[in-house]
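Structure file start-v2.tsv; described as TSV, C-alpha atoms.
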chain	number	residue	atom	x	y	z
A	681	MET	CA	93.06	81.73	-110.34
A	682	SER	CA	94.94	83.13	-113.33
A	683	THR	CA	98.54	84.15	-112.66
A	684	ILE	CA	101.68	85.12	-114.57
A	685	ARG	CA	104.44	82.54	-114.95
A	686	ALA	CA	107.97	82.83	-116.34
A	687	VAL	CA	107.95	80.10	-118.98
A	688	VAL	CA	110.97	78.73	-120.88
A	689	ARG	CA	110.80	79.63	-124.57
A	690	GLY	CA	114.29	78.59	-125.63
A	691	VAL	CA	117.56	77.12	-124.42
A	692	GLY	CA	121.09	77.07	-125.80
A	693	HIS	CA	124.73	76.67	-124.89
A	694	TYR	CA	128.28	77.08	-126.10
A	695	LEU	CA	131.50	75.27	-125.20
A	696	PRO	CA	134.97	76.41	-126.27
A	697	GLU	CA	136.61	74.25	-128.92
A	698	ARG	CA	139.57	73.15	-126.81
A	699	VAL	CA	138.83	69.91	-124.95
A	700	VAL	CA	141.20	69.13	-122.09
A	701	PRO	CA	141.24	65.46	-120.99
A	702	ASN	CA	142.50	64.47	-117.55
A	703	SER	CA	145.64	63.08	-119.15
A	704	GLU	CA	146.87	66.62	-119.90
A	705	PHE	CA	147.24	67.27	-116.18
A	706	GLU	CA	149.46	64.22	-115.78
A	707	LYS	CA	152.16	66.17	-117.66
A	708	ILE	CA	152.28	69.06	-115.19
A	709	LEU	CA	150.98	67.69	-111.87
A	710	ASP	CA	151.37	64.70	-109.58
A	711	THR	CA	147.97	63.33	-110.55
A	712	SER	CA	146.29	60.81	-112.85
A	713	ASP	CA	143.15	60.28	-114.83
A	714	GLU	CA	142.02	57.68	-112.30
A	715	TRP	CA	142.68	60.01	-109.33
A	716	ILE	CA	140.63	62.81	-110.88
A	717	LYS	CA	137.75	60.56	-111.95
A	718	SER	CA	137.54	58.77	-108.61
A	719	ARG	CA	137.29	62.02	-106.64
A	720	SER	CA	135.16	64.11	-108.97
A	721	GLY	CA	133.70	62.07	-111.82
A	722	ILE	CA	135.33	64.48	-114.27
A	723	GLU	CA	136.93	63.05	-117.41
A	724	ARG	CA	137.39	66.18	-119.54
A	725	ARG	CA	136.55	69.87	-119.68
A	726	HIS	CA	136.67	72.76	-122.15
A	727	PHE	CA	139.06	75.73	-121.87
A	728	ALA	CA	138.60	79.06	-123.61
A	729	ALA	CA	141.17	79.99	-126.23
A	730	ASP	CA	143.67	82.79	-125.70
A	731	GLY	CA	141.77	86.04	-126.13
A	732	GLN	CA	138.36	84.36	-125.87
A	733	LEU	CA	136.30	86.21	-123.26
A	734	THR	CA	133.41	85.25	-121.01
A	735	SER	CA	131.23	87.56	-123.11
A	736	ASP	CA	132.20	85.64	-126.27
A	737	LEU	CA	130.88	82.43	-124.72
A	738	ALA	CA	127.75	84.17	-123.43
A	739	ILE	CA	127.01	85.71	-126.83
A	740	ARG	CA	127.17	82.32	-128.54
A	741	ALA	CA	124.87	80.77	-125.90
A	742	ALA	CA	122.41	83.67	-126.18
A	743	LYS	CA	122.25	83.37	-129.97
A	744	SER	CA	121.73	79.61	-129.64
A	745	ALA	CA	118.81	80.17	-127.26
A	746	LEU	CA	117.27	82.82	-129.54
A	747	MET	CA	117.46	80.39	-132.45
A	748	ASP	CA	115.85	77.65	-130.36
A	749	ALA	CA	113.04	80.03	-129.38
A	750	ASP	CA	112.66	81.34	-132.97
A	751	MET	CA	113.01	84.86	-131.59
A	752	THR	CA	115.08	87.95	-132.39
A	753	ALA	CA	116.99	90.20	-130.02
A	754	ASP	CA	114.51	93.07	-130.42
A	755	GLN	CA	111.89	90.90	-128.71
A	756	ILE	CA	114.00	90.70	-125.52
A	757	ASP	CA	113.45	93.17	-122.67
A	758	ALA	CA	116.34	92.23	-120.38
A	759	ILE	CA	119.50	90.16	-120.06
A	760	VAL	CA	120.67	88.77	-116.73
A	761	ILE	CA	124.10	87.13	-116.69
A	762	ALA	CA	125.42	85.07	-113.81
A	763	THR	CA	129.22	85.12	-113.81
A	764	SER	CA	132.18	85.30	-111.45
A	765	THR	CA	134.61	85.82	-114.34
A	766	PRO	CA	133.45	89.04	-116.04
A	767	ASP	CA	135.37	90.57	-118.93
A	768	GLN	CA	135.95	93.79	-116.98
A	769	THR	CA	135.46	95.16	-113.47
A	770	PHE	CA	132.81	97.32	-115.15
A	771	PRO	CA	130.68	97.70	-117.17
A	772	SER	CA	128.75	94.46	-116.89
A	773	THR	CA	129.35	91.53	-119.21
A	774	ALA	CA	125.60	91.56	-119.86
A	775	THR	CA	125.81	94.94	-121.60
A	776	LYS	CA	128.46	93.55	-123.96
A	777	VAL	CA	126.11	90.69	-124.83
A	778	GLN	CA	123.27	93.17	-125.30
A	779	ALA	CA	125.29	95.09	-127.90
A	780	ALA	CA	126.61	91.99	-129.65
A	781	ILE	CA	123.21	90.40	-130.25
A	782	GLY	CA	121.72	93.67	-131.51
A	783	MET	CA	119.39	94.40	-128.59
A	784	GLN	CA	119.05	98.19	-128.63
A	785	SER	CA	116.47	98.69	-125.88
A	786	GLY	CA	115.68	97.24	-122.48
A	787	PHE	CA	118.43	96.65	-119.90
A	788	ALA	CA	121.16	94.20	-118.92
A	789	PHE	CA	123.04	93.42	-115.72
A	790	ASP	CA	125.27	90.82	-114.05
A	791	VAL	CA	124.60	88.72	-110.94
A	792	GLN	CA	127.48	87.33	-108.85
A	793	ALA	CA	126.78	84.36	-106.61
A	794	VAL	CA	129.56	82.07	-107.90
A	795	CYS	CA	128.33	78.51	-108.60
A	796	ALA	CA	124.83	79.38	-107.33
A	797	GLY	CA	124.75	82.34	-109.71
A	798	PHE	CA	122.38	80.87	-112.28
A	799	VAL	CA	119.81	79.98	-109.62
A	800	TYR	CA	120.05	83.55	-108.31
A	801	ALA	CA	119.75	84.91	-111.86
A	802	LEU	CA	116.64	82.80	-112.53
A	803	ALA	CA	115.06	84.06	-109.31
A	804	ASN	CA	115.77	87.66	-110.30
A	805	ALA	CA	114.45	87.17	-113.83
A	806	ASN	CA	111.34	85.50	-112.46
A	807	ALA	CA	110.73	88.46	-110.15
A	808	LEU	CA	111.13	90.91	-113.05
A	809	ILE	CA	108.49	89.01	-115.01
A	810	LEU	CA	106.07	88.60	-112.10
A	811	SER	CA	106.32	92.33	-111.29
A	812	GLY	CA	105.41	93.27	-114.85
A	813	GLN	CA	108.75	94.99	-115.44
A	814	VAL	CA	109.55	92.79	-118.46
A	815	GLU	CA	107.94	90.18	-120.69
A	816	ARG	CA	110.99	88.34	-121.99
A	817	VAL	CA	114.41	87.80	-120.41
A	818	ILE	CA	117.54	85.97	-121.51
A	819	VAL	CA	119.15	84.39	-118.43
A	820	ILE	CA	122.75	83.33	-119.00
A	821	GLY	CA	125.40	81.55	-116.97
A	822	ALA	CA	128.87	82.09	-118.44
A	823	GLU	CA	132.33	81.45	-117.04
A	824	THR	CA	136.01	81.26	-117.93
A	825	PHE	CA	137.19	79.71	-114.68
A	826	SER	CA	140.41	78.54	-116.33
A	827	ARG	CA	141.57	82.15	-115.84
A	828	LEU	CA	141.34	81.78	-112.03
A	829	MET	CA	143.27	78.56	-111.54
A	830	ASP	CA	146.43	77.94	-109.53
A	831	TRP	CA	148.06	75.42	-111.88
A	832	ASN	CA	150.22	74.08	-109.05
A	833	ASP	CA	147.21	73.10	-106.92
A	834	ARG	CA	146.09	69.66	-108.07
A	835	SER	CA	143.12	69.71	-105.69
A	836	THR	CA	141.43	72.58	-107.57
A	837	CYS	CA	142.79	73.18	-111.07
A	838	VAL	CA	141.61	69.80	-112.39
A	839	LEU	CA	138.00	70.47	-111.38
A	840	PHE	CA	136.96	73.50	-113.41
A	841	GLY	CA	136.08	74.29	-117.00
A	842	ASP	CA	134.71	77.05	-119.22
A	843	GLY	CA	131.35	77.37	-120.96
A	844	ALA	CA	128.02	79.16	-121.18
A	845	GLY	CA	124.34	78.28	-121.21
A	846	ALA	CA	121.21	80.39	-121.69
A	847	LEU	CA	117.46	80.22	-121.12
A	848	ILE	CA	114.85	82.58	-122.52
A	849	LEU	CA	111.93	83.17	-120.15
A	850	GLU	CA	108.63	84.69	-121.28
A	851	ALA	CA	105.62	85.92	-119.31
A	852	GLN	CA	102.64	83.64	-119.93
A	853	SER	CA	99.32	83.12	-118.18
A	854	GLY	CA	98.93	80.16	-115.84
A	855	GLU	CA	96.17	78.83	-113.66
A	856	GLY	CA	98.10	79.28	-110.42
A	857	THR	CA	98.46	75.53	-109.89
A	858	PRO	CA	101.50	73.23	-109.64
A	859	GLN	CA	100.64	71.99	-113.14
A	860	ASP	CA	101.44	75.35	-114.73
A	861	ARG	CA	104.42	75.63	-117.03
A	862	GLY	CA	107.20	77.98	-115.93
A	863	ILE	CA	108.97	78.79	-112.68
A	864	LEU	CA	106.81	77.55	-109.82
A	865	ALA	CA	109.05	78.39	-106.85
A	866	THR	CA	112.51	79.65	-105.89
A	867	ASP	CA	114.51	79.34	-102.67
A	868	LEU	CA	117.71	81.32	-102.01
A	869	HIS	CA	120.22	81.40	-99.14
A	870	SER	CA	123.65	82.69	-98.20
A	871	ASP	CA	125.89	82.60	-95.14
A	872	GLY	CA	128.95	84.83	-95.22
A	873	ARG	CA	130.48	83.14	-92.18
A	874	TYR	CA	131.80	80.49	-94.58
A	875	ASN	CA	133.61	82.92	-96.89
A	876	ASN	CA	136.98	81.21	-96.46
A	877	LEU	CA	135.80	77.78	-97.59
A	878	LEU	CA	135.71	78.84	-101.25
A	879	TYR	CA	137.08	82.14	-102.50
A	880	VAL	CA	139.49	83.88	-104.86
A	881	ASP	CA	142.44	85.55	-103.15
A	882	GLY	CA	142.30	88.76	-105.20
A	883	GLY	CA	140.06	91.70	-105.92
A	884	VAL	CA	139.87	95.35	-106.88
A	885	SER	CA	139.85	96.79	-103.36
A	886	SER	CA	142.12	94.20	-101.76
A	887	THR	CA	145.01	93.22	-104.04
A	888	GLN	CA	144.22	94.94	-107.37
A	889	THR	CA	144.71	91.55	-109.01
A	890	ALA	CA	142.34	88.83	-110.23
A	891	GLY	CA	143.79	86.25	-107.81
A	892	VAL	CA	143.38	82.47	-107.90
A	893	LEU	CA	140.79	80.09	-106.54
A	894	LYS	CA	141.17	78.63	-103.04
A	895	MET	CA	138.94	75.86	-101.72
A	896	GLU	CA	138.51	73.65	-98.66
A	897	GLY	CA	137.08	70.71	-100.59
A	898	ARG	CA	136.17	68.44	-97.68
A	899	GLU	CA	134.34	71.20	-95.84
A	900	ILE	CA	132.46	72.25	-98.97
A	901	PHE	CA	131.35	68.63	-99.47
A	902	LYS	CA	129.93	68.51	-95.95
A	903	HIS	CA	127.89	71.66	-96.48
A	904	ALA	CA	126.87	70.89	-100.05
A	905	VAL	CA	124.84	67.71	-99.65
A	906	GLN	CA	122.82	68.90	-96.68
A	907	LYS	CA	122.18	72.42	-97.96
A	908	LEU	CA	121.32	71.31	-101.51
A	909	ALA	CA	118.81	68.72	-100.33
A	910	GLN	CA	117.25	71.20	-97.90
A	911	THR	CA	116.86	74.00	-100.43
A	912	ALA	CA	115.39	71.63	-103.04
A	913	ASP	CA	112.88	70.37	-100.46
A	914	ALA	CA	111.97	73.94	-99.46
A	915	ALA	CA	111.39	74.99	-103.08
A	916	LEU	CA	109.25	71.91	-103.73
A	917	LYS	CA	107.12	72.67	-100.68
A	918	LYS	CA	106.61	76.25	-101.88
A	919	ALA	CA	105.42	74.83	-105.19
A	920	ARG	CA	103.12	72.33	-103.39
A	921	LEU	CA	105.00	69.40	-104.88
A	922	THR	CA	107.07	66.43	-103.63
A	923	PRO	CA	110.19	64.58	-104.83
A	924	ASP	CA	107.89	61.99	-106.41
A	925	ASP	CA	106.69	64.69	-108.84
A	926	ILE	CA	110.20	65.39	-110.16
A	927	ASP	CA	111.00	64.32	-113.71
A	928	TRP	CA	114.56	65.69	-113.67
A	929	VAL	CA	116.94	67.07	-111.09
A	930	VAL	CA	119.39	69.39	-112.86
A	931	PRO	CA	122.11	69.98	-110.26
A	932	HIS	CA	125.13	72.21	-110.30
A	933	GLN	CA	127.76	70.02	-111.94
A	934	ALA	CA	130.58	70.30	-109.40
A	935	ASN	CA	131.35	66.77	-108.31
A	936	LEU	CA	129.71	63.45	-109.11
A	937	ARG	CA	129.91	62.30	-105.49
A	938	ILE	CA	128.00	65.41	-104.35
A	939	ILE	CA	125.42	64.90	-107.10
A	940	LYS	CA	124.83	61.27	-106.11
A	941	ALA	CA	124.72	61.96	-102.36
A	942	THR	CA	122.28	64.85	-102.82
A	943	ALA	CA	119.99	62.79	-105.05
A	944	GLN	CA	119.99	60.01	-102.47
A	945	LYS	CA	119.15	62.47	-99.69
A	946	MET	CA	116.30	63.87	-101.82
A	947	GLY	CA	115.02	60.38	-102.56
A	948	VAL	CA	115.43	60.76	-106.32
A	949	PRO	CA	116.99	57.90	-108.36
A	950	MET	CA	120.01	58.73	-110.51
A	951	ASP	CA	118.13	57.90	-113.70
A	952	ARG	CA	116.18	61.13	-113.05
A	953	VAL	CA	119.29	63.26	-112.58
A	954	VAL	CA	120.96	65.12	-115.45
A	955	VAL	CA	124.72	64.54	-115.24
A	956	THR	CA	127.23	66.32	-117.49
A	957	VAL	CA	130.12	66.84	-115.06
A	958	GLN	CA	132.16	64.11	-116.77
A	959	ASP	CA	132.32	66.18	-119.98
A	960	HIS	CA	132.35	69.76	-118.71
A	961	GLY	CA	133.91	69.76	-115.25
A	962	ASN	CA	132.68	72.46	-112.89
A	963	THR	CA	131.66	75.45	-115.03
A	964	SER	CA	130.31	77.34	-112.01
A	965	ALA	CA	127.29	79.51	-112.93
A	966	ALA	CA	127.22	78.01	-116.43
A	967	SER	CA	126.79	74.41	-115.31
A	968	ILE	CA	123.00	74.28	-114.83
A	969	PRO	CA	121.97	75.96	-118.11
A	970	LEU	CA	124.65	73.95	-119.93
A	971	ALA	CA	123.20	70.74	-118.50
A	972	MET	CA	119.66	71.82	-119.37
A	973	SER	CA	120.59	72.59	-122.96
A	974	VAL	CA	122.53	69.35	-123.44
A	975	ALA	CA	119.69	67.29	-121.92
A	976	ARG	CA	117.08	69.09	-124.02
A	977	ARG	CA	119.05	68.45	-127.22
A	978	ALA	CA	119.42	64.80	-126.25
A	979	GLY	CA	115.63	64.51	-126.01
A	980	LYS	CA	115.61	63.96	-122.26
A	981	ILE	CA	113.85	67.13	-121.12
A	982	LYS	CA	110.40	67.47	-122.63
A	983	GLN	CA	107.68	70.09	-122.42
A	984	GLY	CA	105.51	69.69	-119.34
A	985	GLN	CA	108.17	67.90	-117.29
A	986	LEU	CA	109.05	69.10	-113.80
A	987	LEU	CA	112.67	70.12	-113.13
A	988	VAL	CA	114.44	71.01	-109.92
A	989	ALA	CA	117.70	72.94	-110.30
A	990	GLU	CA	119.91	73.36	-107.24
A	991	ALA	CA	123.38	74.78	-106.65
A	992	ILE	CA	125.85	75.85	-103.98
A	993	GLY	CA	128.81	78.16	-104.35
A	994	GLY	CA	131.23	80.47	-102.60
A	995	GLY	CA	129.77	82.81	-100.06
A	996	LEU	CA	128.44	80.38	-99.13
A	997	THR	CA	125.48	80.87	-101.46
A	998	TRP	CA	122.92	78.21	-102.33
A	999	GLY	CA	119.41	77.81	-103.67
A	1000	ALA	CA	116.94	75.93	-105.83
A	1001	VAL	CA	114.37	76.57	-108.54
A	1002	VAL	CA	111.33	74.43	-109.34
A	1003	LEU	CA	110.44	74.76	-113.01
A	1004	ARG	CA	107.93	73.04	-115.29
A	1005	TRP	CA	109.37	73.03	-118.80

Could you render the structure from this file as structure tokens?
Amino acid sequence: MSTIRAVVRGVGHYLPERVVPNSEFEKILDTSDEWIKSRSGIERRHFAADGQLTSDLAIRAAKSALMDADMTADQIDAIVIATSTPDQTFPSTATKVQAAIGMQSGFAFDVQAVCAGFVYALANANALILSGQVERVIVIGAETFSRLMDWNDRSTCVLFGDGAGALILEAQSGEGTPQDRGILATDLHSDGRYNNLLYVDGGVSSTQTAGVLKMEGREIFKHAVQKLAQTADAALKKARLTPDDIDWVVPHQANLRIIKATAQKMGVPMDRVVVTVQDHGNTSAASIPLAMSVARRAGKIKQGQLLVAEAIGGGLTWGAVVLRW
């Protein structure tokens, strides 16, 4: 039976020019390159320059994706940006991107689900396409998490980086089978009882400040592996597929130990997992589209291959998307 699918037309990313190796932290913290690598797998990350905004990163990623798709901004109906580090309290960062790329119609909005934000944004964009509201959407994950760090907390500030990635989704006809290209299933969850495991201690209505990131790393690890494997399995079942069908798992790039443990729990070998955490650190909502773009440029992800993207973030929020490229 013929059905509408949200199919990837283009992908792109942008990383700030400044590369920060682990050795830089040795100058200001009681830490070492070996300590950071052994606990996270991270070797370096990118930090935005002074005055460089989340929207600046998102704009570059959006233009990169448009170029990859051989499309212009006037062909886009909507922009959905996942970010926890917006330029302003309001208006949305997405509207700034809309103006910057020359998109003069349609609509744009932000989604906030922290590190799971891009999965949430994909699910929302997919729903917009399936409902007939839009034909083409740019979905962006963009973050400047370096602006939220407590530089005296060695357990958190060494983990995060800045960057942006973007996908362009387009409505196309499918046969309604698991072999269709496009988004085949989504699975989303949240549980606000775990708010204090990962949060920022500031906000408009509470402190009138941006605040800094606070995290209970061990507790997050315990939740992450189980919840990520479960949501990936649920999304695969919705798509009528199994882990054996997966060509690539594209996980949220938070911690190499979490990535490996989740892949093992899913029954997927590491040679089918896209890993970029060593080069980017945890870029929150940007990490999945960044990893997709890097893997696509490297010739790993090919048309027709099946991808599972999964992420967990503050909230707690978590979810997965099954996508045939």

### Task
Write out as a ChimeraX atom specification each polymer residue whose atoms come within 9 Å of region 919-932 of chain A, counting all atoms listed in the file; drop sequence neighbours fewer than 5 positions from it.
/A:795-796,857-858,864-866,908,912-914,939,943,946-948,950-955,957,962-969,971-972,980-981,985-992,1002

Take the residues that were just selected and, keeping C-alpha atoms, output them as a tab-separated table (two decimals), in the coordinates of the input.
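Writing done, so here's out30.tsv:
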chain	number	residue	atom	x	y	z
A	795	CYS	CA	128.33	78.51	-108.60
A	796	ALA	CA	124.83	79.38	-107.33
A	857	THR	CA	98.46	75.53	-109.89
A	858	PRO	CA	101.50	73.23	-109.64
A	864	LEU	CA	106.81	77.55	-109.82
A	865	ALA	CA	109.05	78.39	-106.85
A	866	THR	CA	112.51	79.65	-105.89
A	908	LEU	CA	121.32	71.31	-101.51
A	912	ALA	CA	115.39	71.63	-103.04
A	913	ASP	CA	112.88	70.37	-100.46
A	914	ALA	CA	111.97	73.94	-99.46
A	939	ILE	CA	125.42	64.90	-107.10
A	943	ALA	CA	119.99	62.79	-105.05
A	946	MET	CA	116.30	63.87	-101.82
A	947	GLY	CA	115.02	60.38	-102.56
A	948	VAL	CA	115.43	60.76	-106.32
A	950	MET	CA	120.01	58.73	-110.51
A	951	ASP	CA	118.13	57.90	-113.70
A	952	ARG	CA	116.18	61.13	-113.05
A	953	VAL	CA	119.29	63.26	-112.58
A	954	VAL	CA	120.96	65.12	-115.45
A	955	VAL	CA	124.72	64.54	-115.24
A	957	VAL	CA	130.12	66.84	-115.06
A	962	ASN	CA	132.68	72.46	-112.89
A	963	THR	CA	131.66	75.45	-115.03
A	964	SER	CA	130.31	77.34	-112.01
A	965	ALA	CA	127.29	79.51	-112.93
A	966	ALA	CA	127.22	78.01	-116.43
A	967	SER	CA	126.79	74.41	-115.31
A	968	ILE	CA	123.00	74.28	-114.83
A	969	PRO	CA	121.97	75.96	-118.11
A	971	ALA	CA	123.20	70.74	-118.50
A	972	MET	CA	119.66	71.82	-119.37
A	980	LYS	CA	115.61	63.96	-122.26
A	981	ILE	CA	113.85	67.13	-121.12
A	985	GLN	CA	108.17	67.90	-117.29
A	986	LEU	CA	109.05	69.10	-113.80
A	987	LEU	CA	112.67	70.12	-113.13
A	988	VAL	CA	114.44	71.01	-109.92
A	989	ALA	CA	117.70	72.94	-110.30
A	990	GLU	CA	119.91	73.36	-107.24
A	991	ALA	CA	123.38	74.78	-106.65
A	992	ILE	CA	125.85	75.85	-103.98
A	1002	VAL	CA	111.33	74.43	-109.34

### Task
Considering all atoms listed in the file, return as a PyMOL selection string whatever protein or nucleic-acid residues lie within 8 Å of region 798-810 of chain A, sequence-local ones (same chain, fewer than 2 positions apart) excluded.
chain A and resi 684-686+760-762+791+793+795-796+812-817+819-821+849-851+863+866+868+965-966+968-969+989-991+999-1001

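Ranking A:Thr942, A:Tyr694, A:Gln958, A:Ser764 by their shortest atom-to-atom distance to Gln910 (chain A), with all atoms listed in the file included, puts A:Thr942 first.
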
### Message
Restricting the calculation to all atoms listed in the file: of A:Gln852, A:Asn935, A:Gln778, A:Ser682, which residue gets closest to Arg740 (chain A)?
### Response
A:Gln778

### Task
Identify which of the residues A:Leu1003, A:Val838, A:Ala753, A:Leu828 lies closest to Gly883 (chain A), counting all atoms listed in the file when measuring atom-to-atom distances.
A:Leu828

### Message
List as a ChimeraX atom specification the protein and nucleic acid residues near Thr765 (chain A), meaning an atom at most 12 Å away when all atoms listed in the file are counted, but skip any in the same chain fewer than 3 places from it.
### Response
/A:733-735,737-738,761-762,768-770,772-773,790-795,797,821-829,841-844,880,883,890-893,963-966

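One distance worth recording is that between CA of Asp757 (chain A) and CA of Ile781 (chain A), which is 12.7 Å.
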